[in-house]
file my_file.txt (compact mmCIF, C-alpha atoms)
# COMPACT_ATOMS: atom_id res chain seq x y z
CA ARG Z 1 0.00 0.00 0.00
CA ALA Z 2 1.14 3.52 -0.80
CA ASP Z 3 0.62 4.85 2.74
CA ARG Z 4 3.28 2.49 4.05
CA LEU Z 5 5.89 4.39 2.07
CA VAL Z 6 5.41 7.50 4.21
CA GLU Z 7 7.27 7.35 7.51
CA LYS Z 8 5.88 9.12 10.57
CA SER Z 9 7.93 12.14 11.61
CA GLY Z 10 9.36 12.77 15.05
CA PHE Z 11 7.29 15.98 15.00
CA ALA Z 12 4.00 14.05 14.74
CA VAL Z 13 1.11 15.64 16.66
CA GLN Z 14 -1.10 14.06 19.29
CA PRO Z 15 -3.56 11.74 17.52
CA ALA Z 16 -7.22 12.65 17.31
CA SER Z 17 -10.04 10.59 15.84
CA LEU Z 18 -13.34 12.12 14.77
CA THR Z 19 -16.77 10.50 14.92
CA PHE Z 20 -20.08 12.05 13.93
CA THR Z 21 -23.54 10.55 14.22
CA ASP Z 22 -26.78 11.58 12.49
CA LEU Z 23 -25.60 15.04 11.45
CA ALA Z 24 -28.41 16.77 9.57
CA PHE Z 25 -29.30 20.31 8.56
CA ARG Z 26 -32.59 21.86 7.54
CA ILE Z 27 -33.64 25.44 6.87
CA PRO Z 28 -37.15 26.96 6.95
CA SER Z 29 -38.77 27.75 3.62
CA GLY Z 30 -41.31 30.41 2.68
CA THR Z 31 -44.15 27.87 2.75
CA GLY Z 32 -43.71 27.21 6.45
CA GLU Z 33 -42.08 23.85 5.85
CA SER Z 34 -38.39 23.14 6.26
CA ARG Z 35 -36.02 22.39 3.41
CA THR Z 36 -33.49 19.59 3.82
CA ILE Z 37 -29.91 20.63 3.04
CA LEU Z 38 -28.21 17.56 4.48
CA GLU Z 39 -29.79 14.22 5.26
CA PRO Z 40 -28.66 12.49 8.51
CA CYS Z 41 -25.20 11.02 8.01
CA SER Z 42 -22.61 9.36 10.24
CA GLY Z 43 -18.91 8.55 9.94
CA HIS Z 44 -15.61 7.88 11.69
CA PHE Z 45 -12.13 9.16 10.75
CA GLU Z 46 -8.84 7.96 12.19
CA PRO Z 47 -5.65 9.98 12.91
CA GLY Z 48 -3.31 10.30 9.92
CA GLN Z 49 -6.06 9.80 7.34
CA LEU Z 50 -6.74 12.06 4.39
CA VAL Z 51 -10.52 12.02 3.94
CA ALA Z 52 -12.17 13.59 0.91
CA ILE Z 53 -15.82 14.68 0.96
CA MET Z 54 -16.78 14.66 -2.70
CA GLY Z 55 -19.88 15.49 -4.68
CA PRO Z 56 -21.50 17.95 -7.11
CA SER Z 57 -22.53 21.50 -6.26
CA GLY Z 58 -25.39 21.73 -3.79
CA SER Z 59 -24.87 18.26 -2.34
CA GLY Z 60 -24.05 19.57 1.16
CA LYS Z 61 -20.27 18.99 1.16
CA THR Z 62 -19.31 22.30 2.77
CA THR Z 63 -22.31 22.12 5.10
CA LEU Z 64 -21.09 18.78 6.45
CA LEU Z 65 -17.51 20.04 6.75
CA ASP Z 66 -18.63 23.16 8.65
CA MET Z 67 -20.74 21.09 11.04
CA ILE Z 68 -17.85 18.73 11.79
CA ALA Z 69 -15.39 21.63 12.09
CA MET Z 70 -17.69 23.57 14.44
CA LYS Z 71 -17.98 26.44 11.95
CA LYS Z 72 -21.74 26.23 11.44
CA ASP Z 73 -23.57 29.04 13.22
CA SER Z 74 -27.09 27.84 12.41
CA ALA Z 75 -28.71 25.11 14.49
CA TYR Z 76 -28.31 21.53 13.31
CA THR Z 77 -28.90 18.06 14.71
CA GLY Z 78 -26.48 15.25 15.46
CA GLN Z 79 -23.38 14.72 17.58
CA VAL Z 80 -19.61 14.96 17.07
CA PHE Z 81 -17.04 13.09 19.15
CA VAL Z 82 -13.26 13.54 19.41
CA ASN Z 83 -11.35 10.45 20.58
CA GLY Z 84 -14.65 8.98 21.69
CA HIS Z 85 -15.64 11.97 23.84
CA PRO Z 86 -18.22 14.67 23.03
CA ARG Z 87 -16.60 17.59 21.22
CA ASP Z 88 -15.56 20.31 23.69
CA PRO Z 89 -16.41 23.78 22.28
CA ALA Z 90 -13.56 25.35 24.27
CA LEU Z 91 -10.88 22.76 23.44
CA PHE Z 92 -11.75 21.93 19.83
CA PRO Z 93 -10.44 25.19 18.25
CA ARG Z 94 -7.08 24.56 19.94
CA ILE Z 95 -6.60 21.12 18.35
CA SER Z 96 -8.03 21.89 14.91
CA ALA Z 97 -7.33 24.23 12.00
CA TYR Z 98 -9.66 25.35 9.21
CA VAL Z 99 -8.62 26.46 5.72
CA GLY Z 100 -11.45 28.26 3.96
CA GLN Z 101 -11.91 29.01 0.27
CA GLU Z 102 -10.74 32.63 0.55
CA ASP Z 103 -7.00 33.43 0.44
CA LEU Z 104 -6.91 36.33 2.91
CA MET Z 105 -3.33 37.52 3.50
CA PRO Z 106 -1.59 40.92 3.58
CA ALA Z 107 -0.25 41.71 0.11
CA HIS Z 108 3.17 42.78 1.46
CA TRP Z 109 3.77 39.49 3.29
CA LYS Z 110 6.40 37.28 1.76
CA VAL Z 111 5.54 33.61 1.31
CA ARG Z 112 7.89 32.38 4.03
CA GLU Z 113 6.67 35.13 6.38
CA ALA Z 114 3.03 34.13 5.83
CA ILE Z 115 3.69 30.51 6.77
CA GLU Z 116 5.98 31.38 9.69
CA PHE Z 117 3.33 33.72 11.12
CA ASN Z 118 0.84 30.87 11.47
CA ALA Z 119 3.49 28.57 12.91
CA VAL Z 120 4.38 31.04 15.66
CA LEU Z 121 0.76 31.99 16.28
CA LYS Z 122 -0.29 28.39 16.89
CA SER Z 123 2.81 27.17 18.72
CA GLN Z 124 2.56 27.04 22.49
CA GLN Z 125 6.19 26.10 23.06
CA LEU Z 126 8.09 28.38 20.70
CA ALA Z 127 10.65 30.27 22.78
CA ALA Z 128 13.40 32.66 21.88
CA SER Z 129 15.93 29.83 22.06
CA GLY Z 130 17.97 28.94 19.00
CA GLY Z 131 16.75 25.35 19.10
CA SER Z 132 13.10 26.38 18.83
CA ARG Z 133 13.91 28.82 16.03
CA LYS Z 134 15.78 26.13 14.11
CA ALA Z 135 12.86 23.73 14.49
CA LEU Z 136 10.51 26.42 13.15
CA VAL Z 137 12.73 27.07 10.12
CA ARG Z 138 12.98 23.33 9.37
CA SER Z 139 9.22 22.95 9.61
CA VAL Z 140 8.56 25.89 7.28
CA ASP Z 141 11.25 24.72 4.82
CA SER Z 142 9.68 21.26 4.64
CA LEU Z 143 6.29 22.76 3.82
CA LEU Z 144 7.73 25.08 1.20
CA GLN Z 145 9.28 22.06 -0.46
CA ALA Z 146 6.18 19.86 -0.12
CA PHE Z 147 3.96 22.47 -1.78
CA CYS Z 148 6.60 23.45 -4.39
CA LEU Z 149 6.90 26.98 -2.99
CA SER Z 150 10.64 27.05 -2.29
CA GLY Z 151 11.27 29.04 -5.47
CA VAL Z 152 8.91 31.84 -4.37
CA ALA Z 153 9.66 31.76 -0.62
CA ASP Z 154 10.99 35.33 -0.68
CA SER Z 155 8.36 36.70 -3.08
CA TYR Z 156 5.44 38.87 -2.02
CA VAL Z 157 2.03 37.25 -1.64
CA GLY Z 158 0.67 40.15 -3.66
CA GLY Z 159 -2.72 41.63 -4.25
CA PRO Z 160 -4.65 44.13 -6.41
CA ARG Z 161 -1.96 46.81 -5.98
CA VAL Z 162 1.09 44.68 -5.18
CA ARG Z 163 2.70 42.40 -7.70
CA GLY Z 164 3.26 38.97 -6.21
CA ILE Z 165 2.90 35.23 -6.72
CA SER Z 166 0.29 33.64 -8.96
CA GLY Z 167 -3.22 32.76 -7.81
CA ARG Z 168 -2.47 29.03 -7.77
CA GLU Z 169 0.66 29.62 -5.69
CA ARG Z 170 -1.32 31.82 -3.30
CA ARG Z 171 -3.81 28.99 -2.86
CA ARG Z 172 -1.02 26.58 -1.95
CA VAL Z 173 0.34 29.11 0.56
CA THR Z 174 -3.08 29.25 2.23
CA VAL Z 175 -3.18 25.46 2.59
CA ALA Z 176 0.42 25.38 3.86
CA ARG Z 177 -0.50 27.93 6.54
CA GLY Z 178 -3.19 25.57 7.78
CA VAL Z 179 -0.82 22.60 7.85
CA VAL Z 180 2.02 24.43 9.65
CA ALA Z 181 -0.24 25.03 12.66
CA LYS Z 182 0.38 21.34 13.48
CA SER Z 183 -3.15 20.84 14.74
CA SER Z 184 -4.36 17.31 15.31
CA ILE Z 185 -7.24 17.87 12.85
CA LEU Z 186 -7.09 19.92 9.64
CA PHE Z 187 -10.16 20.94 7.65
CA CYS Z 188 -9.83 22.29 4.09
CA ASP Z 189 -12.79 23.62 2.12
CA GLU Z 190 -12.04 22.96 -1.57
CA PRO Z 191 -8.23 23.32 -1.40
CA THR Z 192 -8.00 22.56 -5.13
CA SER Z 193 -10.48 25.27 -6.16
CA GLY Z 194 -9.07 27.37 -9.00
CA LEU Z 195 -6.07 25.10 -9.50
CA SER Z 196 -5.07 23.33 -12.69
CA ALA Z 197 -5.21 19.52 -12.77
CA THR Z 198 -1.45 19.35 -12.17
CA ASP Z 199 -1.54 21.79 -9.25
CA ALA Z 200 -4.57 20.05 -7.75
CA GLU Z 201 -2.79 16.70 -7.88
CA LEU Z 202 0.29 18.26 -6.29
CA CYS Z 203 -1.76 19.85 -3.51
CA ILE Z 204 -3.60 16.65 -2.58
CA ALA Z 205 -0.41 14.57 -2.76
CA ALA Z 206 1.30 17.02 -0.37
CA LEU Z 207 -1.65 16.91 2.02
CA ARG Z 208 -1.65 13.12 1.98
CA THR Z 209 2.08 12.91 2.71
CA LEU Z 210 1.90 15.45 5.52
CA ALA Z 211 -1.18 13.78 7.02
CA LYS Z 212 0.71 10.49 7.26
CA ARG Z 213 4.01 12.01 8.35
CA LEU Z 214 2.56 14.28 11.05
CA ASN Z 215 -0.33 11.95 12.00
CA VAL Z 216 -2.82 14.75 11.24
CA LEU Z 217 -6.40 13.82 10.45
CA THR Z 218 -7.08 15.85 7.29
CA VAL Z 219 -10.62 16.32 5.98
CA VAL Z 220 -11.05 18.08 2.63
CA VAL Z 221 -13.98 19.01 0.41
CA ILE Z 222 -13.39 18.40 -3.29
CA HIS Z 223 -15.78 19.12 -6.15
CA GLN Z 224 -15.70 16.09 -8.51
CA PRO Z 225 -11.91 15.66 -8.83
CA ARG Z 226 -10.07 14.35 -11.87
CA ILE Z 227 -8.97 10.72 -11.72
CA GLU Z 228 -5.34 11.74 -11.12
CA VAL Z 229 -6.31 13.72 -8.01
CA ALA Z 230 -8.40 10.84 -6.66
CA HIS Z 231 -5.49 8.43 -7.16
CA SER Z 232 -3.07 10.77 -5.34
CA HIS Z 233 -5.49 10.68 -2.39

call {"tool": "encode", "arguments": {"input": "my_file.txt", "output": "structure tokens"}}
result
Amino acid sequence: RADRLVEKSGFAVQPASLTFTDLAFRIPSGTGESRTILEPCSGHFEPGQLVAIMGPSGSGKTTLLDMIAMKKDSAYTGQVFVNGHPRDPALFPRISAYVGQEDLMPAHWKVREAIEFNAVLKSQQLAASGGSRKALVRSVDSLLQAFCLSGVADSYVGGPRVRGISGRERRRVTVARGVVAKSSILFCDEPTSGLSATDAELCIAALRTLAKRLNVLTVVVIHQPRIEVAHSH
């Protein structure tokens, strides 16, 4: 099996499994009746897995992801468990990271700076010691390489008024920022959106490798991927 070729890193995070039972979502309609957005569904994900929620537009993929990731503000039914225990609203944001569809970053950030910022922001043990700084640099360097961003590490992210990296590279930076947080659970809403087939395959392959290496449970939403992307998963 392909997953046996990926060795677990010494920097692997604490494992976290995710179980959800009978998650469902309905919204009221103008006729007084409710409209079903997501039928009751259940599932279980293990640490180190890369799980893809796939389907056409309107099938409830992002709705399910947001419910599992505790990003849904509207009321819904069902339960979510982490390592067999009911999800703790106070603890869950500390062990999980969410990568949305929007690439929101300051235009004058450089690629390495953008990833390092998230690493420092999420780290609870980063001190001013040289050892910690070296570990941070190694972690960022490995992500730059995994997402093929080493060549633009010192380039600006860019924006409407600042010339910077391409849109597909910016998307990969956004995903890398979610991974570098080293959370036990990573959620990505359509990480391949706007990417070419080659870039999409590269992105999913990198997520798969990092999920295995760091023991991170990674849950992604993908809109009807090409066969190459599905095989890389």

call {"tool": "residues_around", "arguments": {"input": "my_file.txt", "residues": "Ala90 (chain Z)", "least_positions_apart": "5", "cutoff": "12 Å", "atoms": "all atoms listed in the file", "output": "compact mmCIF listing (two decimals) with C-alpha atoms, in the frame of the given file"}}
result
# COMPACT_ATOMS: atom_id res chain seq x y z
CA MET Z 70 -17.69 23.57 14.44
CA ILE Z 95 -6.60 21.12 18.35
CA SER Z 96 -8.03 21.89 14.91

call {"tool": "atom_distance", "arguments": {"input": "my_file.txt", "atom1": "CA of Pro89 (chain Z)", "atom2": "CA of Ile37 (chain Z)"}}
result
23.7 Å

call {"tool": "residues_around", "arguments": {"input": "my_file.txt", "residues": "Val13 (chain Z)", "least_positions_apart": "3", "cutoff": "8 Å", "atoms": "only C-alpha atoms", "output": "CSV table (one decimal) with C-alpha atoms, keeping the file's coordinate frame"}}
result
chain,number,residue,atom,x,y,z
Z,182,LYS,CA,0.4,21.3,13.5
Z,183,SER,CA,-3.2,20.8,14.7
Z,184,SER,CA,-4.4,17.3,15.3
Z,214,LEU,CA,2.6,14.3,11.0
Z,215,ASN,CA,-0.3,12.0,12.0
Z,216,VAL,CA,-2.8,14.8,11.2

call {"tool": "residues_around", "arguments": {"input": "my_file.txt", "residues": "region 99-111 of chain Z", "least_positions_apart": "4", "cutoff": "9 Å", "atoms": "all atoms listed in the file", "output": "MDAnalysis selection string"}}
result
chainID Z and resid 115:116 144 149 152:165 170:171 173:175 177:179 186:191 193

call {"tool": "atom_distance", "arguments": {"input": "my_file.txt", "atom1": "CA of Leu207 (chain Z)", "atom2": "CA of Glu46 (chain Z)"}}
result
15.3 Å

call {"tool": "closest_residue", "arguments": {"input": "my_file.txt", "among": "Z:Val180, Z:Leu23, Z:Ala205, Z:Met67", "to": "Ser42 (chain Z)", "atoms": "only C-alpha atoms"}}
result
Z:Leu23

call {"tool": "atom_distance", "arguments": {"input": "my_file.txt", "atom1": "CA of Thr62 (chain Z)", "atom2": "CA of His223 (chain Z)"}}
result
10.1 Å

call {"tool": "residues_around", "arguments": {"input": "my_file.txt", "residues": "His44 (chain Z)", "least_positions_apart": "5", "cutoff": "7 Å", "atoms": "all atoms listed in the file", "output": "number ranges by chain"}}
result
Z: 18-20

call {"tool": "closest_residue", "arguments": {"input": "my_file.txt", "among": "Z:Lys61, Z:Arg208, Z:Arg112, Z:Arg94", "to": "Ser139 (chain Z)", "atoms": "all atoms listed in the file"}}
result
Z:Arg112

call {"tool": "decode", "arguments": {"input": "my_file.txt", "residues": "region 154-169 of chain Z", "atoms": "N, CA and C atoms", "output": "PDB file, in the first residue's frame"}}
result
ATOM      1  N   ASP Z 154      10.684  33.939  -1.000  1.00  0.00           N
ATOM      2  CA  ASP Z 154      10.986  35.332  -0.676  1.00  0.00           C
ATOM      3  C   ASP Z 154      10.233  36.315  -1.571  1.00  0.00           C
ATOM      4  N   SER Z 155       9.196  35.831  -2.241  1.00  0.00           N
ATOM      5  CA  SER Z 155       8.360  36.702  -3.081  1.00  0.00           C
ATOM      6  C   SER Z 155       7.154  37.186  -2.287  1.00  0.00           C
ATOM      7  N   TYR Z 156       6.618  38.330  -2.678  1.00  0.00           N
ATOM      8  CA  TYR Z 156       5.437  38.866  -2.016  1.00  0.00           C
ATOM      9  C   TYR Z 156       4.206  38.024  -2.358  1.00  0.00           C
ATOM     10  N   VAL Z 157       3.303  37.913  -1.378  1.00  0.00           N
ATOM     11  CA  VAL Z 157       2.026  37.249  -1.637  1.00  0.00           C
ATOM     12  C   VAL Z 157       1.271  38.005  -2.718  1.00  0.00           C
ATOM     13  N   GLY Z 158       1.283  39.323  -2.618  1.00  0.00           N
ATOM     14  CA  GLY Z 158       0.672  40.147  -3.662  1.00  0.00           C
ATOM     15  C   GLY Z 158      -0.811  40.387  -3.468  1.00  0.00           C
ATOM     16  N   GLY Z 159      -1.310  41.275  -4.303  1.00  0.00           N
ATOM     17  CA  GLY Z 159      -2.722  41.629  -4.252  1.00  0.00           C
ATOM     18  C   GLY Z 159      -3.067  42.557  -5.389  1.00  0.00           C
ATOM     19  N   PRO Z 160      -4.221  43.240  -5.319  1.00  0.00           N
ATOM     20  CA  PRO Z 160      -4.648  44.125  -6.409  1.00  0.00           C
ATOM     21  C   PRO Z 160      -3.631  45.214  -6.746  1.00  0.00           C
ATOM     22  N   ARG Z 161      -2.904  45.719  -5.750  1.00  0.00           N
ATOM     23  CA  ARG Z 161      -1.964  46.812  -5.980  1.00  0.00           C
ATOM     24  C   ARG Z 161      -0.506  46.416  -5.757  1.00  0.00           C
ATOM     25  N   VAL Z 162      -0.275  45.156  -5.431  1.00  0.00           N
ATOM     26  CA  VAL Z 162       1.086  44.680  -5.176  1.00  0.00           C
ATOM     27  C   VAL Z 162       1.347  43.457  -6.037  1.00  0.00           C
ATOM     28  N   ARG Z 163       2.374  43.521  -6.847  1.00  0.00           N
ATOM     29  CA  ARG Z 163       2.702  42.396  -7.699  1.00  0.00           C
ATOM     30  C   ARG Z 163       3.296  41.279  -6.848  1.00  0.00           C
ATOM     31  N   GLY Z 164       2.792  40.080  -7.025  1.00  0.00           N
ATOM     32  CA  GLY Z 164       3.262  38.968  -6.213  1.00  0.00           C
ATOM     33  C   GLY Z 164       3.140  37.641  -6.935  1.00  0.00           C
ATOM     34  N   ILE Z 165       2.967  36.587  -6.163  1.00  0.00           N
ATOM     35  CA  ILE Z 165       2.902  35.233  -6.717  1.00  0.00           C
ATOM     36  C   ILE Z 165       1.580  35.024  -7.451  1.00  0.00           C
ATOM     37  N   SER Z 166       1.488  33.934  -8.182  1.00  0.00           N
ATOM     38  CA  SER Z 166       0.287  33.643  -8.960  1.00  0.00           C
ATOM     39  C   SER Z 166      -0.850  33.201  -8.041  1.00  0.00           C
ATOM     40  N   GLY Z 167      -2.058  33.182  -8.585  1.00  0.00           N
ATOM     41  CA  GLY Z 167      -3.219  32.763  -7.810  1.00  0.00           C
ATOM     42  C   GLY Z 167      -3.117  31.331  -7.337  1.00  0.00           C
ATOM     43  N   ARG Z 168      -2.594  30.436  -8.184  1.00  0.00           N
ATOM     44  CA  ARG Z 168      -2.471  29.035  -7.774  1.00  0.00           C
ATOM     45  C   ARG Z 168      -1.420  28.867  -6.682  1.00  0.00           C
ATOM     46  N   GLU Z 169      -0.353  29.672  -6.737  1.00  0.00           N
ATOM     47  CA  GLU Z 169       0.663  29.616  -5.686  1.00  0.00           C
ATOM     48  C   GLU Z 169       0.108  30.188  -4.375  1.00  0.00           C
TER      49      GLU Z 169
END
